[in-house]
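Pasted below: upload30.pdb, PDB, C-alpha atoms and all ligand atoms.
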MODEL        1
ATOM      1  CA  MET E   1      19.398  32.085  18.745
ATOM      2  CA  GLU E   2      17.537  30.914  15.661
ATOM      3  CA  SER E   3      15.000  33.482  14.493
ATOM      4  CA  PRO E   4      11.414  32.452  13.745
ATOM      5  CA  ILE E   5      11.803  33.946  10.275
ATOM      6  CA  SER E   6      14.587  31.604   9.197
ATOM      7  CA  ARG E   7      12.649  28.683  10.693
ATOM      8  CA  GLY E   8       9.611  29.531   8.616
ATOM      9  CA  PHE E   9      11.794  29.929   5.579
ATOM     10  CA  PHE E  10      13.463  26.559   5.979
ATOM     11  CA  GLY E  11      10.099  24.965   6.832
ATOM     12  CA  LYS E  12       8.823  25.927   3.387
ATOM     13  CA  ARG E  13      11.925  24.690   1.599
ATOM     14  CA  ARG E  14      11.239  22.620  -1.490
ATOM     15  CA  PRO E  15      11.215  18.864  -0.804
ATOM     16  CA  ASP E  16      14.377  16.900  -1.452
ATOM     17  CA  PRO E  17      14.092  16.133  -5.198
ATOM     18  CA  SER E  18      15.845  12.802  -4.733
ATOM     19  CA  ARG E  19      12.714  11.602  -2.913
ATOM     20  CA  VAL E  20      10.238  12.660  -5.624
ATOM     21  CA  PRO E  21       9.987  10.260  -8.602
ATOM     22  CA  PRO E  22       9.860  11.666 -12.157
ATOM     23  CA  GLY E  23       6.566  13.357 -13.096
ATOM     24  CA  GLN E  24       5.332  13.521  -9.478
ATOM     25  CA  TYR E  25       4.520  16.543  -7.278
ATOM     26  CA  VAL E  26       4.438  16.647  -3.487
ATOM     27  CA  THR E  27       1.081  17.021  -1.772
ATOM     28  CA  HIS E  28       0.350  17.608   1.908
ATOM     29  CA  ASP E  29      -3.266  16.402   1.624
ATOM     30  CA  PHE E  30      -4.186  12.750   1.616
ATOM     31  CA  PRO E  31      -6.353  12.329  -1.500
ATOM     32  CA  VAL E  32      -8.888   9.483  -1.573
ATOM     33  CA  LEU E  33      -8.939   7.361  -4.730
ATOM     34  CA  SER E  34     -11.379   4.466  -4.932
ATOM     35  CA  ALA E  35     -12.859   2.709  -7.952
ATOM     36  CA  GLY E  36     -16.241   2.347  -6.215
ATOM     37  CA  PRO E  37     -18.054   3.037  -2.937
ATOM     38  CA  THR E  38     -16.291   2.522   0.394
ATOM     39  CA  PRO E  39     -17.170  -0.842   1.939
ATOM     40  CA  HIS E  40     -17.753  -0.660   5.700
ATOM     41  CA  VAL E  41     -16.343  -3.807   7.259
ATOM     42  CA  GLU E  42     -16.715  -4.153  11.028
ATOM     43  CA  THR E  43     -13.661  -5.617  12.742
ATOM     44  CA  ASP E  44     -15.713  -8.440  14.307
ATOM     45  CA  ALA E  45     -16.772  -9.572  10.818
ATOM     46  CA  TRP E  46     -13.344  -8.954   9.264
ATOM     47  CA  THR E  47     -10.971 -11.760   8.278
ATOM     48  CA  LEU E  48      -7.767 -11.940   6.259
ATOM     49  CA  SER E  49      -6.931 -15.184   4.432
ATOM     50  CA  VAL E  50      -3.558 -16.420   3.208
ATOM     51  CA  VAL E  51      -4.241 -19.068   0.557
ATOM     52  CA  GLY E  52      -2.964 -20.655  -2.654
ATOM     53  CA  GLU E  53       0.543 -22.092  -2.997
ATOM     54  CA  VAL E  54       1.172 -22.440   0.733
ATOM     55  CA  ASP E  55       1.837 -25.347   3.104
ATOM     56  CA  GLU E  56      -0.547 -23.954   5.717
ATOM     57  CA  PRO E  57      -3.463 -21.812   4.566
ATOM     58  CA  ALA E  58      -4.605 -19.437   7.305
ATOM     59  CA  THR E  59      -7.495 -17.133   8.070
ATOM     60  CA  TYR E  60      -6.882 -14.437  10.677
ATOM     61  CA  SER E  61      -9.604 -12.782  12.678
ATOM     62  CA  TRP E  62      -9.090  -9.160  13.706
ATOM     63  CA  GLN E  63      -7.987 -10.270  17.197
ATOM     64  CA  GLU E  64      -5.559 -12.820  15.761
ATOM     65  CA  LEU E  65      -4.039 -10.212  13.467
ATOM     66  CA  GLN E  66      -3.683  -7.753  16.337
ATOM     67  CA  ALA E  67      -1.854 -10.396  18.383
ATOM     68  CA  LEU E  68       0.994 -10.484  15.811
ATOM     69  CA  PRO E  69       3.996  -8.150  16.225
ATOM     70  CA  HIS E  70       3.320  -4.605  15.061
ATOM     71  CA  GLU E  71       5.698  -2.393  13.120
ATOM     72  CA  THR E  72       5.523   1.373  12.725
ATOM     73  CA  VAL E  73       7.092   2.742   9.549
ATOM     74  CA  THR E  74       7.566   6.138   7.930
ATOM     75  CA  VAL E  75       7.454   5.862   4.142
ATOM     76  CA  ASP E  76       6.893   7.967   1.010
ATOM     77  CA  ILE E  77       3.892   7.045  -1.166
ATOM     78  CA  HIS E  78       3.433   7.736  -4.876
ATOM     79  CA  CYS E  79       0.109   7.705  -6.737
ATOM     80  CA  VAL E  80      -0.044   7.208 -10.502
ATOM     81  CA  THR E  81      -2.265  10.334 -10.662
ATOM     82  CA  LYS E  82       1.018  12.155  -9.866
ATOM     83  CA  TRP E  83       0.844  13.028  -6.192
ATOM     84  CA  THR E  84       3.604  11.979  -3.838
ATOM     85  CA  LYS E  85       3.229  12.214  -0.076
ATOM     86  CA  LEU E  86       6.437  12.172   1.946
ATOM     87  CA  ASP E  87       6.958  10.782   5.453
ATOM     88  CA  THR E  88       3.619   9.029   5.929
ATOM     89  CA  LEU E  89       3.354   7.158   9.238
ATOM     90  CA  TRP E  90       1.734   3.725   9.356
ATOM     91  CA  THR E  91       1.387   0.866  11.821
ATOM     92  CA  GLY E  92       0.738  -2.677  10.700
ATOM     93  CA  ILE E  93       1.930  -6.246  10.372
ATOM     94  CA  SER E  94       4.823  -7.067   8.071
ATOM     95  CA  LEU E  95       3.818  -9.459   5.295
ATOM     96  CA  ASP E  96       6.823 -11.564   6.345
ATOM     97  CA  THR E  97       4.973 -12.297   9.584
ATOM     98  CA  LEU E  98       2.021 -13.715   7.597
ATOM     99  CA  LEU E  99       3.859 -15.422   4.725
ATOM    100  CA  GLU E 100       6.651 -17.196   6.646
ATOM    101  CA  PRO E 101       4.379 -19.388   8.804
ATOM    102  CA  ALA E 102       2.215 -20.100   5.730
ATOM    103  CA  GLY E 103       5.208 -21.535   3.854
ATOM    104  CA  ALA E 104       4.513 -19.585   0.670
ATOM    105  CA  SER E 105       6.159 -21.241  -2.349
ATOM    106  CA  GLY E 106       4.780 -19.521  -5.488
ATOM    107  CA  GLU E 107       6.199 -16.573  -7.438
ATOM    108  CA  PHE E 108       3.259 -14.169  -7.424
ATOM    109  CA  LEU E 109       0.743 -12.635  -5.066
ATOM    110  CA  SER E 110      -2.848 -11.876  -6.003
ATOM    111  CA  ILE E 111      -4.703  -9.593  -3.561
ATOM    112  CA  SER E 112      -8.490  -9.354  -3.223
ATOM    113  CA  SER E 113     -10.414  -6.732  -1.291
ATOM    114  CA  TYR E 114     -13.851  -6.353   0.274
ATOM    115  CA  ASP E 115     -14.950  -3.996  -2.527
ATOM    116  CA  GLY E 116     -14.058  -6.549  -5.225
ATOM    117  CA  TYR E 117     -10.809  -4.767  -6.123
ATOM    118  CA  THR E 118      -7.832  -6.933  -7.055
ATOM    119  CA  THR E 119      -4.185  -6.284  -7.711
ATOM    120  CA  ASN E 120      -1.086  -8.406  -8.325
ATOM    121  CA  LEU E 121       2.557  -8.321  -7.333
ATOM    122  CA  PRO E 122       5.635 -10.520  -7.580
ATOM    123  CA  LEU E 123       6.029 -12.276  -4.219
ATOM    124  CA  GLU E 124       9.562 -10.903  -3.884
ATOM    125  CA  ASP E 125       8.130  -7.362  -3.755
ATOM    126  CA  VAL E 126       6.255  -8.054  -0.532
ATOM    127  CA  VAL E 127       8.905  -9.959   1.475
ATOM    128  CA  ASP E 128      11.953  -8.809   3.463
ATOM    129  CA  GLY E 129      10.256  -5.815   5.056
ATOM    130  CA  LYS E 130       8.816  -4.222   1.905
ATOM    131  CA  ALA E 131       5.062  -4.539   2.586
ATOM    132  CA  TRP E 132       2.583  -4.413   5.471
ATOM    133  CA  ILE E 133      -1.051  -4.966   6.356
ATOM    134  CA  ALA E 134      -1.594  -1.472   7.785
ATOM    135  CA  PHE E 135      -4.375  -0.660  10.245
ATOM    136  CA  ALA E 136      -3.250   2.710  11.617
ATOM    137  CA  TYR E 137      -2.278   5.939   9.899
ATOM    138  CA  ASP E 138      -0.702   8.833  11.799
ATOM    139  CA  ASP E 139      -1.269   6.955  15.077
ATOM    140  CA  GLU E 140      -5.040   6.753  14.500
ATOM    141  CA  PRO E 141      -7.119   3.776  13.317
ATOM    142  CA  LEU E 142      -7.109   3.762   9.514
ATOM    143  CA  GLU E 143     -10.180   5.597   8.210
ATOM    144  CA  ALA E 144     -12.616   3.577   6.094
ATOM    145  CA  GLU E 145     -12.095   5.768   3.027
ATOM    146  CA  HIS E 146      -8.336   5.048   3.156
ATOM    147  CA  GLY E 147      -8.893   1.300   3.443
ATOM    148  CA  GLY E 148      -9.759   0.737   7.102
ATOM    149  CA  PRO E 149      -9.952  -1.455   8.984
ATOM    150  CA  ALA E 150      -6.835  -2.677   7.130
ATOM    151  CA  ARG E 151      -5.091  -2.215   3.796
ATOM    152  CA  LEU E 152      -2.003  -3.440   2.034
ATOM    153  CA  LEU E 153       0.919  -0.982   2.055
ATOM    154  CA  VAL E 154       3.605  -1.467  -0.617
ATOM    155  CA  PRO E 155       5.231   1.966  -0.718
ATOM    156  CA  HIS E 156       7.955   1.247  -3.291
ATOM    157  CA  LEU E 157       5.362   0.742  -6.061
ATOM    158  CA  TYR E 158       2.594   3.095  -7.288
ATOM    159  CA  PHE E 159      -0.135   3.297  -4.683
ATOM    160  CA  TRP E 160      -2.756   1.378  -6.698
ATOM    161  CA  LYS E 161      -0.830  -1.770  -5.631
ATOM    162  CA  SER E 162      -1.648  -0.912  -1.995
ATOM    163  CA  ALA E 163      -5.081  -2.559  -1.911
ATOM    164  CA  LYS E 164      -7.511  -1.010   0.554
ATOM    165  CA  TRP E 165      -9.958  -3.188   2.593
ATOM    166  CA  VAL E 166      -7.724  -6.204   2.006
ATOM    167  CA  ARG E 167      -9.436  -9.568   2.365
ATOM    168  CA  SER E 168      -7.141 -12.249   0.950
ATOM    169  CA  LEU E 169      -3.584 -12.865  -0.136
ATOM    170  CA  GLU E 170      -3.345 -15.650  -2.703
ATOM    171  CA  ILE E 171       0.096 -17.034  -3.553
ATOM    172  CA  ARG E 172       0.234 -18.262  -7.141
ATOM    173  CA  ASN E 173       2.664 -19.803  -9.628
ATOM    174  CA  ASP E 174       1.249 -17.675 -12.448
ATOM    175  CA  ASP E 175       0.700 -13.924 -12.496
ATOM    176  CA  GLU E 176      -2.914 -12.778 -12.549
ATOM    177  CA  PRO E 177      -3.310  -9.102 -13.555
ATOM    178  CA  GLY E 178      -5.674  -7.214 -11.228
ATOM    179  CA  PHE E 179      -8.345  -4.548 -11.715
ATOM    180  CA  TRP E 180      -6.178  -1.666 -12.949
ATOM    181  CA  GLU E 181      -3.594  -3.959 -14.512
ATOM    182  CA  VAL E 182      -6.191  -5.298 -16.993
ATOM    183  CA  ASN E 183      -7.453  -1.747 -17.555
ATOM    184  CA  GLY E 184      -4.262  -0.239 -18.917
ATOM    185  CA  TYR E 185      -2.054   0.304 -15.882
ATOM    186  CA  HIS E 186       1.446  -1.132 -15.922
ATOM    187  CA  ASN E 187       1.709  -4.663 -14.549
ATOM    188  CA  TYR E 188       4.561  -3.769 -12.167
ATOM    189  CA  GLY E 189       4.304  -0.013 -11.465
ATOM    190  CA  ASP E 190       7.755   1.203 -10.414
ATOM    191  CA  PRO E 191       7.396   4.986  -9.830
ATOM    192  CA  TRP E 192      11.150   5.569 -10.333
ATOM    193  CA  LYS E 193      10.870   4.109 -13.846
ATOM    194  CA  GLU E 194       7.519   5.870 -14.480
ATOM    195  CA  GLN E 195       5.814   2.553 -15.187
ATOM    196  CA  ARG E 196       2.330   4.082 -15.272
ATOM    197  CA  TYR E 197       0.641   2.408 -18.237
ATOM    198  CA  TRP E 198       1.017  -0.600 -20.547
ATOM    199  CA  GLY E 199       4.177  -0.154 -22.588
ATOM    200  CA  ASP E 200       5.852   2.361 -20.214
TER     201      ASP E 200
HETATM  202  N1  LIG E 301      -9.744  -2.072  -2.516
HETATM  203  C1  LIG E 301      -9.283  -1.011  -3.193
HETATM  204  N2  LIG E 301      -8.003  -0.658  -3.026
HETATM  205  C2  LIG E 301      -7.489   0.400  -3.692
HETATM  206  C3  LIG E 301      -8.277   1.130  -4.603
HETATM  207  C4  LIG E 301      -9.643   0.739  -4.769
HETATM  208  O1  LIG E 301     -10.427   1.328  -5.526
HETATM  209  N3  LIG E 301     -10.103  -0.340  -4.038
HETATM  210  N4  LIG E 301      -7.717   2.187  -5.295
HETATM  211  C5  LIG E 301      -6.247   2.154  -5.450
HETATM  212  C6  LIG E 301      -5.705   3.385  -5.966
HETATM  213  S1  LIG E 301      -5.845   3.653  -7.639
HETATM  214  C7  LIG E 301      -4.964   4.235  -5.178
HETATM  215  S2  LIG E 301      -4.148   5.556  -5.813
HETATM  216  C8  LIG E 301      -4.924   4.065  -3.717
HETATM  217  C9  LIG E 301      -5.501   5.287  -3.051
HETATM  218  O2  LIG E 301      -5.441   5.159  -1.654
HETATM  219  P1  LIG E 301      -6.054   6.342  -0.793
HETATM  220  O3  LIG E 301      -7.489   6.510  -1.191
HETATM  221  O4  LIG E 301      -5.864   5.953   0.633
HETATM  222  O5  LIG E 301      -5.254   7.577  -1.144
HETATM  223  O6  LIG E 301      -5.645   2.930  -3.279
HETATM  224  C10 LIG E 301      -5.564   1.821  -4.133
HETATM  225  N5  LIG E 301      -6.196   0.716  -3.485
HETATM  226 MO    MO E 302      -4.387   5.462  -8.143
ENDMDL
END

Have the structure of the file written as structure tokens, please.
Amino acid sequence: MESPISRGFFGKRRPDPSRVPPGQYVTHDFPVLSAGPTPHVETDAWTLSVVGEVDEPATYSWQELQALPHETVTVDIHCVTKWTKLDTLWTGISLDTLLEPAGASGEFLSISSYDGYTTNLPLEDVVDGKAWIAFAYDDEPLEAEHGGPARLLVPHLYFWKSAKWVRSLEIRNDDEPGFWEVNGYHNYGDPWKEQRYWGD
């Protein structure tokens, strides 16, 4: 029989270093990082638009978004302020589900949020199951301070790319640096390459 002591010991084992990018430490909290105050957007006033270089622009109401197929994923997230949180559980809509019917044809994605925040990504970083519009965290509705009712989730890049309170997805032919990207953060933000700031 396994003793409680060895269980406790193994439970406190250091996290698998192959899952922690260079310069990061593992946290068990969920820190809140916002550039400004939390906007409170009611779901009946909430919409998400898919616009720009698309065949069919679309605006989803909350009910229309909820009617799309949901996915639940467990992913590791990495903030440029050096915390990493392993095995976070999210439910949302894959960006593939929004971008395929729109017929997106540009190279870049520019995201705008209800607080005025913007960020930018290559389109290829949000297709093929790499990004979601997440509305639940740990099986609970996403809290407003973490981006509820819905946020972008792009776990393979630093977490500033995961725009909270997401409002529109604009497909573009040219790259448009967002809020942090014009203020010194790296344009791409790969945590495994430590792309924190301009020139990294
Ligand atoms: N709309 C919006 N999204 C945002 C931000 C913000 O200020 N506004 N901050 C970004 C930054 S810098 C980080 S690290 C994460 C933090 O998400 P959290 O507060 O849920 O931990 O959200 C990102 N998304
Ligand atoms: Mo951040």

For Glu194 in chain E, work out the shell of residues within 8 Å, counting all atoms listed in the file and skipping chain neighbours fewer than 4 positions away, then give it as a PDB file with C-alpha atoms, in the frame of the given file.
ATOM      1  CA  PRO E  21       9.987  10.260  -8.602  1.00  0.00           C
ATOM      2  CA  PRO E  22       9.860  11.666 -12.157  1.00  0.00           C
ATOM      3  CA  GLY E  23       6.566  13.357 -13.096  1.00  0.00           C
ATOM      4  CA  GLY E 189       4.304  -0.013 -11.465  1.00  0.00           C
ATOM      5  CA  ASP E 190       7.755   1.203 -10.414  1.00  0.00           C
ATOM      6  CA  ASP E 200       5.852   2.361 -20.214  1.00  0.00           C
TER       7      ASP E 200
END

I would like the residues chosen by the PyMOL selection byres (((chain E and resi 199) around 10) and not hetatm) on the shown file; could you give them as a tab-separated table (two decimals) with C-alpha atoms, keeping the file's coordinate frame?
chain	number	residue	atom	x	y	z
E	184	GLY	CA	-4.26	-0.24	-18.92
E	185	TYR	CA	-2.05	0.30	-15.88
E	186	HIS	CA	1.45	-1.13	-15.92
E	187	ASN	CA	1.71	-4.66	-14.55
E	195	GLN	CA	5.81	2.55	-15.19
E	196	ARG	CA	2.33	4.08	-15.27
E	197	TYR	CA	0.64	2.41	-18.24
E	198	TRP	CA	1.02	-0.60	-20.55
E	200	ASP	CA	5.85	2.36	-20.21

Quick one: pull the distance between CA of Leu48 in chain E and atom MO of ligand MO 302 (chain E), Å, one decimal.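 Computing the Euclidean distance for CA of Leu48 in chain E and atom MO of ligand MO 302 (chain E) yields 22.8 Å.
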
Place a sphere of radius 10 Å on (5.1, 10.2, 1.4) in the file coordinates and name every protein, DNA or RNA residue with an atom inside or on its surface, counting all atoms listed in the file; give the answer as an MDAnalysis selection string. chainID E and resid 19:20 26:28 30 74:79 83:89 155

Could you tell me how far CA of Val182 in chain E lies from CA of Asn120 in chain E, in Å and to one decimal?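 Atom-to-atom, CA of Val182 in chain E and CA of Asn120 in chain E are spaced 10.5 Å apart.
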
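Based on all atoms listed in the file, the protein and nucleic acid residues found within 7 Å of ligand LIG 301 (chain E) are, by chain and then by number, Phe30, Pro31, Val32, Leu33, Ser34, Ala35, Gly36, Cys79, Val80, Ser113, Tyr114, Asp115, Gly116, Tyr117, Thr118, Glu145, His146, Gly147, Phe159, Trp160, Lys161, Ser162, Ala163, Lys164, Trp165 and Val166 of chain E.
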
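Residue nearest Gly178 in chain E within the list E:Trp132, E:Trp192, E:Phe108, E:Tyr137: E:Phe108 [criterion: smallest interatomic distance, only C-alpha atoms].
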
What would the selection look like, as a PDB file with C-alpha atoms, in the frame of the given file, if the PyMOL selection byres (((chain E and resi 100-102) around 8) and not hetatm) were run on the coordinates I just shared?
ATOM      1  CA  VAL E  50      -3.558 -16.420   3.208  1.00  0.00           C
ATOM      2  CA  VAL E  54       1.172 -22.440   0.733  1.00  0.00           C
ATOM      3  CA  ASP E  55       1.837 -25.347   3.104  1.00  0.00           C
ATOM      4  CA  GLU E  56      -0.547 -23.954   5.717  1.00  0.00           C
ATOM      5  CA  PRO E  57      -3.463 -21.812   4.566  1.00  0.00           C
ATOM      6  CA  ALA E  58      -4.605 -19.437   7.305  1.00  0.00           C
ATOM      7  CA  ASP E  96       6.823 -11.564   6.345  1.00  0.00           C
ATOM      8  CA  THR E  97       4.973 -12.297   9.584  1.00  0.00           C
ATOM      9  CA  LEU E  98       2.021 -13.715   7.597  1.00  0.00           C
ATOM     10  CA  LEU E  99       3.859 -15.422   4.725  1.00  0.00           C
ATOM     11  CA  GLY E 103       5.208 -21.535   3.854  1.00  0.00           C
ATOM     12  CA  ALA E 104       4.513 -19.585   0.670  1.00  0.00           C
TER      13      ALA E 104
END

Expressed in Å to a single decimal, how great is the separation between CA of Tyr60 in chain E and CA of Trp180 in chain E?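 Calculated distance between CA of Tyr60 in chain E and CA of Trp180 in chain E is 26.9 Å.
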
Residue with smallest distance to Glu124 in chain E - pool E:Ser112, E:Thr72, E:Ser105, E:Asn183, counting only C-alpha atoms: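 Closest to Glu124 in chain E, using only C-alpha atoms: E:Ser105.
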
With all atoms listed in the file as the basis for distance, which of E:Gly92, E:Pro17, E:Pro39, E:Pro69 is at the shortest distance from Leu142 in chain E? E:Gly92

I need the residue nearest Val127 in chain E from this list: E:Thr47, E:Ser168, E:Ser94, E:Thr59. Use only C-alpha atoms for the distance.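 The closest residue to Val127 in chain E is E:Ser94.
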
Top pick for closest residue to Lys82 in chain E, considering E:Tyr25, E:Pro141, E:Leu95, E:Glu170 and counting all atoms listed in the file: E:Tyr25

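Here the question is which of E:Ala134, E:Leu157, E:Val51, E:Leu68 gets nearest to ligand MO 302 (chain E) using only C-alpha atoms and all ligand atoms, and that residue is E:Leu157.
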
May I have the residues within 8 Å of Pro122 in chain E as a count of residues only, using all atoms listed in the file and disregarding those fewer than 4 positions away in the same chain? 5
